[in-house]
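This is structure_0.txt (compact mmCIF, C-alpha atoms and all ligand atoms).
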```txt
# COMPACT_ATOMS: atom_id res chain seq x y z
CA MET A 13 134.72 130.49 198.95
CA LYS A 14 133.56 128.45 195.97
CA ILE A 15 130.99 129.78 193.55
CA LEU A 16 129.31 128.05 190.64
CA VAL A 17 128.34 130.20 187.65
CA LEU A 18 125.56 128.55 185.67
CA ASN A 19 124.38 129.55 182.21
CA GLY A 20 121.29 128.28 180.44
CA PRO A 21 120.27 127.71 176.83
CA ASN A 22 121.69 129.67 173.91
CA LEU A 23 124.19 131.54 176.06
CA ASN A 24 126.91 129.43 174.39
CA MET A 25 126.08 131.51 171.31
CA LEU A 26 126.93 134.85 172.90
CA GLY A 27 129.10 136.96 170.63
CA THR A 28 127.01 136.25 167.56
CA ARG A 29 123.54 135.90 169.13
CA GLU A 30 121.40 139.05 168.84
CA PRO A 31 124.32 141.36 169.71
CA ASP A 32 121.96 144.35 169.95
CA LYS A 33 120.44 142.69 173.02
CA TYR A 34 123.29 140.65 174.45
CA GLY A 35 126.46 142.44 173.33
CA ASN A 36 129.48 141.22 171.38
CA ASP A 37 131.31 139.31 174.10
CA THR A 38 131.54 135.54 173.85
CA LEU A 39 130.65 133.39 176.86
CA GLU A 40 134.33 132.49 177.21
CA SER A 41 135.36 136.14 177.44
CA ILE A 42 132.58 136.82 179.99
CA GLU A 43 133.82 133.84 182.02
CA ASN A 44 137.34 135.31 182.00
CA PHE A 45 135.90 138.66 183.10
CA ILE A 46 134.11 136.91 186.02
CA LYS A 47 137.30 135.01 186.93
CA GLU A 48 139.22 138.30 187.21
CA GLU A 49 136.53 139.77 189.46
CA ALA A 50 136.43 136.60 191.59
CA LYS A 51 140.20 136.84 192.21
CA LYS A 52 139.71 140.27 193.78
CA HIS A 53 137.35 138.69 196.31
CA ASN A 54 139.41 135.54 196.94
CA ALA A 55 136.61 133.49 195.47
CA GLU A 56 137.02 130.42 193.31
CA VAL A 57 134.63 130.13 190.37
CA ASP A 58 133.60 127.21 188.21
CA PHE A 59 131.48 127.53 185.09
CA TYR A 60 128.82 125.37 183.51
CA GLN A 61 126.59 126.00 180.53
CA SER A 62 123.89 123.74 179.18
CA ASN A 63 121.06 123.95 176.69
CA ILE A 64 119.26 121.15 178.51
CA GLU A 65 117.00 121.83 181.49
CA GLY A 66 117.63 118.50 183.23
CA GLU A 67 121.40 118.95 183.03
CA ILE A 68 121.09 122.30 184.80
CA VAL A 69 118.89 120.69 187.47
CA THR A 70 121.49 117.94 187.99
CA LYS A 71 124.33 120.47 188.21
CA ILE A 72 122.42 122.44 190.87
CA GLN A 73 121.80 119.24 192.84
CA GLN A 74 125.49 118.33 192.63
CA ALA A 75 126.47 121.80 193.87
CA LYS A 76 125.24 121.02 197.38
CA GLY A 77 128.18 120.50 199.72
CA VAL A 78 130.66 121.56 197.00
CA TYR A 79 129.83 125.24 196.41
CA ASP A 80 128.95 128.07 198.78
CA GLY A 81 126.66 129.79 196.31
CA ILE A 82 125.44 130.04 192.74
CA VAL A 83 125.27 132.83 190.16
CA ILE A 84 122.74 131.74 187.56
CA ASN A 85 121.53 133.05 184.24
CA PRO A 86 118.78 130.53 183.49
CA ALA A 87 118.17 132.28 180.12
CA ALA A 88 114.84 131.20 178.58
CA TYR A 89 114.26 128.71 181.42
CA THR A 90 113.85 131.72 183.71
CA HIS A 91 110.35 132.10 182.36
CA THR A 92 109.30 128.45 182.28
CA SER A 93 111.23 126.20 184.61
CA VAL A 94 109.57 124.95 187.76
CA ALA A 95 112.27 122.25 187.80
CA ILE A 96 115.18 124.72 188.07
CA ARG A 97 113.30 126.74 190.69
CA ASP A 98 112.66 123.56 192.72
CA ALA A 99 116.32 122.48 192.40
CA LEU A 100 117.49 125.86 193.74
CA LEU A 101 115.07 125.55 196.66
CA ALA A 102 116.10 121.94 197.29
CA VAL A 103 119.82 122.60 197.68
CA GLU A 104 119.30 125.65 199.93
CA LEU A 105 122.35 127.41 198.51
CA PRO A 106 122.24 131.19 198.15
CA ALA A 107 121.82 132.03 194.48
CA VAL A 108 121.75 135.28 192.52
CA GLU A 109 119.81 135.38 189.26
CA ILE A 110 121.31 137.54 186.56
CA HIS A 111 120.37 138.63 183.06
CA LEU A 112 122.35 140.49 180.44
CA SER A 113 119.28 142.31 179.14
CA ASN A 114 116.62 144.01 181.24
CA ILE A 115 113.91 141.34 181.14
CA HIS A 116 111.34 143.82 182.48
CA LYS A 117 111.84 146.09 179.48
CA ARG A 118 111.27 143.33 176.93
CA GLU A 119 108.32 141.16 175.80
CA GLU A 120 105.72 140.54 178.46
CA PHE A 121 106.48 136.80 178.67
CA ARG A 122 109.97 137.70 179.89
CA HIS A 123 108.67 139.81 182.77
CA THR A 124 107.95 136.75 184.87
CA SER A 125 110.77 134.83 186.47
CA LEU A 126 109.86 131.46 187.98
CA THR A 127 113.41 131.11 189.26
CA ALA A 128 114.01 134.49 190.95
CA PRO A 129 111.83 133.65 194.00
CA ALA A 130 114.28 130.81 194.72
CA CYS A 131 117.19 133.31 194.74
CA ILE A 132 118.36 135.93 197.21
CA GLY A 133 118.04 138.55 194.46
CA GLN A 134 118.03 139.36 190.77
CA ILE A 135 120.25 141.64 188.69
CA THR A 136 119.04 142.39 185.19
CA GLY A 137 120.02 144.69 182.35
CA PHE A 138 123.69 145.53 182.86
CA GLY A 139 125.21 143.35 180.16
CA LYS A 140 128.28 141.41 181.33
CA ASN A 141 128.39 143.64 184.40
CA SER A 142 125.26 141.81 185.60
CA TYR A 143 127.54 138.78 186.22
CA LYS A 144 130.08 140.95 188.04
CA LEU A 145 127.41 142.62 190.18
CA GLY A 146 125.80 139.26 190.89
CA LEU A 147 129.12 137.83 192.02
CA ILE A 148 129.84 140.83 194.27
CA ALA A 149 126.35 140.60 195.83
CA LEU A 150 126.79 136.89 196.48
CA VAL A 151 130.28 137.26 197.96
CA ASP A 152 129.02 140.06 200.22
CA TYR A 153 126.06 137.93 201.31
CA LEU A 154 128.34 134.97 202.08
CA ASN A 155 130.79 137.13 204.02
CA LYS A 156 128.13 138.45 206.38
CA PRO A 157 128.27 136.74 209.76
C1 LIG B 201 118.46 136.38 179.20
C2 LIG B 201 117.03 136.89 179.04
C3 LIG B 201 116.09 135.76 178.67
O1 LIG B 201 114.76 136.24 178.51
C4 LIG B 201 116.52 135.12 177.35
O2 LIG B 201 115.71 134.00 177.05
C5 LIG B 201 117.97 134.74 177.35
C6 LIG B 201 118.93 135.65 177.95
C7 LIG B 201 119.47 137.54 179.44
O3 LIG B 201 120.55 137.26 179.94
O4 LIG B 201 119.17 138.70 179.13
O5 LIG B 201 118.35 133.74 176.76
O6 LIG B 201 118.52 135.52 180.31
```
Structure translated into structure tokens:
Amino acid sequence: MKILVLNGPNLNMLGTREPDKYGNDTLESIENFIKEEAKKHNAEVDFYQSNIEGEIVTKIQQAKGVYDGIVINPAAYTHTSVAIRDALLAVELPAVEIHLSNIHKREEFRHTSLTAPACIGQITGFGKNSYKLGLIALVDYLNKP
């Protein structure tokens, strides 16, 4: 089972970026945490982060036929990106949307996700555990006959 973990804009700054909201872990340490969890489920994970919407769209397109599913934190693009939503719909791969913070508890503009309707589900508000829970949910979904 091959899973692509995608991260959107500003998540490369985790560790120093608004730690009260996003915690103190760097993206690299979160990726290692996901890798450890993936091992337990015999899943292979690859990671990609970009600050550029079109690059994320291209990566999703390229995932078709290579990956079995996607865990995605679209970050700010969650709330704005028709293009990422359309890419997820186009490739027809199961995807789980995750957020470190609880987007529903924050500013009103964060309450809407344009990308979640293109996913099998959304996990939001559990810090780095959101990635772990998202991975487990995706693996479970893919293992169902
Ligand atoms: C985020 C929430 C988004 O609203 C924000 O723009 C981010 C991070 C999260 O993981 O909590 O960059 O996706």
*Pick out the residues sitting within 9 Å of Gly27 (chain A), and hand them over as a ChimeraX atom specification; count all atoms listed in the file, and ignore anything fewer than 6 positions along from it in its own chain.*
/A:34-39
Residue subset to file, keeping C-alpha atoms, as a PDB file, in the frame of the given file:
```pdb
ATOM      1  CA  TYR A  34     123.290 140.650 174.450  1.00  0.00           C
ATOM      2  CA  GLY A  35     126.460 142.440 173.330  1.00  0.00           C
ATOM      3  CA  ASN A  36     129.480 141.220 171.380  1.00  0.00           C
ATOM      4  CA  ASP A  37     131.310 139.310 174.100  1.00  0.00           C
ATOM      5  CA  THR A  38     131.540 135.540 173.850  1.00  0.00           C
ATOM      6  CA  LEU A  39     130.650 133.390 176.860  1.00  0.00           C
TER       7      LEU A  39
END
```
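Polymer residues near (131.9, 131.7, 200.0): counting only C-alpha atoms with a cut-off of 9 Å, they are Met13, Lys14, Ile15, Asn54, Ala55, Glu56, Tyr79, Asp80, Gly81, Leu150, Val151, Asp152, Tyr153, Leu154 and Asn155 of chain A.
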*Select all residues near (120.8, 120.5, 192.6) (cut-off 12 Å, inclusive, file coordinates), counting all atoms listed in the file, and output them as a VMD selection string.*
chain A and resid 16 18 65 to 79 81 to 82 95 to 105 107
*In Å, how far is it from CA of Ala130 (chain A) to CA of Thr90 (chain A)?*
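Between CA of Ala130 (chain A) and CA of Thr90 (chain A) the gap works out to 11.1 Å.
Considering only C-alpha atoms, the residue among A:Phe138, A:Glu30, A:Val17, A:Asn22 positioned nearest to Ala88 (chain A) is A:Asn22.
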Show me which residues line ligand LIG 201 (chain B), defined as having an atom within 12 Å of a ligand atom where only C-alpha atoms and all ligand atoms count, and present them as an mmCIF file with C-alpha atoms, in the frame of the given file.
```cif
data_model
loop_
_atom_site.group_PDB
_atom_site.id
_atom_site.type_symbol
_atom_site.label_atom_id
_atom_site.label_comp_id
_atom_site.auth_asym_id
_atom_site.auth_seq_id
_atom_site.Cartn_x
_atom_site.Cartn_y
_atom_site.Cartn_z
ATOM 1 C CA LEU A 18 125.560 128.550 185.670
ATOM 2 C CA ASN A 19 124.380 129.550 182.210
ATOM 3 C CA GLY A 20 121.290 128.280 180.440
ATOM 4 C CA PRO A 21 120.270 127.710 176.830
ATOM 5 C CA ASN A 22 121.690 129.670 173.910
ATOM 6 C CA LEU A 23 124.190 131.540 176.060
ATOM 7 C CA ASN A 24 126.910 129.430 174.390
ATOM 8 C CA MET A 25 126.080 131.510 171.310
ATOM 9 C CA LEU A 26 126.930 134.850 172.900
ATOM 10 C CA ARG A 29 123.540 135.900 169.130
ATOM 11 C CA GLU A 30 121.400 139.050 168.840
ATOM 12 C CA PRO A 31 124.320 141.360 169.710
ATOM 13 C CA ASP A 32 121.960 144.350 169.950
ATOM 14 C CA LYS A 33 120.440 142.690 173.020
ATOM 15 C CA TYR A 34 123.290 140.650 174.450
ATOM 16 C CA GLY A 35 126.460 142.440 173.330
ATOM 17 C CA LEU A 39 130.650 133.390 176.860
ATOM 18 C CA GLN A 61 126.590 126.000 180.530
ATOM 19 C CA SER A 62 123.890 123.740 179.180
ATOM 20 C CA ASN A 63 121.060 123.950 176.690
ATOM 21 C CA ILE A 84 122.740 131.740 187.560
ATOM 22 C CA ASN A 85 121.530 133.050 184.240
ATOM 23 C CA PRO A 86 118.780 130.530 183.490
ATOM 24 C CA ALA A 87 118.170 132.280 180.120
ATOM 25 C CA ALA A 88 114.840 131.200 178.580
ATOM 26 C CA TYR A 89 114.260 128.710 181.420
ATOM 27 C CA THR A 90 113.850 131.720 183.710
ATOM 28 C CA HIS A 91 110.350 132.100 182.360
ATOM 29 C CA THR A 92 109.300 128.450 182.280
ATOM 30 C CA SER A 93 111.230 126.200 184.610
ATOM 31 C CA GLU A 109 119.810 135.380 189.260
ATOM 32 C CA ILE A 110 121.310 137.540 186.560
ATOM 33 C CA HIS A 111 120.370 138.630 183.060
ATOM 34 C CA LEU A 112 122.350 140.490 180.440
ATOM 35 C CA SER A 113 119.280 142.310 179.140
ATOM 36 C CA ASN A 114 116.620 144.010 181.240
ATOM 37 C CA ILE A 115 113.910 141.340 181.140
ATOM 38 C CA HIS A 116 111.340 143.820 182.480
ATOM 39 C CA LYS A 117 111.840 146.090 179.480
ATOM 40 C CA ARG A 118 111.270 143.330 176.930
ATOM 41 C CA GLU A 119 108.320 141.160 175.800
ATOM 42 C CA GLU A 120 105.720 140.540 178.460
ATOM 43 C CA PHE A 121 106.480 136.800 178.670
ATOM 44 C CA ARG A 122 109.970 137.700 179.890
ATOM 45 C CA HIS A 123 108.670 139.810 182.770
ATOM 46 C CA THR A 124 107.950 136.750 184.870
ATOM 47 C CA SER A 125 110.770 134.830 186.470
ATOM 48 C CA LEU A 126 109.860 131.460 187.980
ATOM 49 C CA THR A 127 113.410 131.110 189.260
ATOM 50 C CA ALA A 128 114.010 134.490 190.950
ATOM 51 C CA GLN A 134 118.030 139.360 190.770
ATOM 52 C CA ILE A 135 120.250 141.640 188.690
ATOM 53 C CA THR A 136 119.040 142.390 185.190
ATOM 54 C CA GLY A 137 120.020 144.690 182.350
ATOM 55 C CA PHE A 138 123.690 145.530 182.860
ATOM 56 C CA GLY A 139 125.210 143.350 180.160
ATOM 57 C CA LYS A 140 128.280 141.410 181.330
ATOM 58 C CA ASN A 141 128.390 143.640 184.400
ATOM 59 C CA SER A 142 125.260 141.810 185.600
ATOM 60 C CA TYR A 143 127.540 138.780 186.220
#
```
*Atomic separation - CA of Ile148 (chain A) relative to CA of Asn44 (chain A), Å*: 15.4 Å
*Separation of CA of Val94 (chain A) and CA of Ile46 (chain A), in Å?*
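That distance, rounded to one decimal, is 27.4 Å.
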*Smallest atom-to-atom distance to Lys144 (chain A): which of A:Lys156, A:Lys51, A:Pro106, A:Tyr60, using only C-alpha atoms?*
A:Lys51
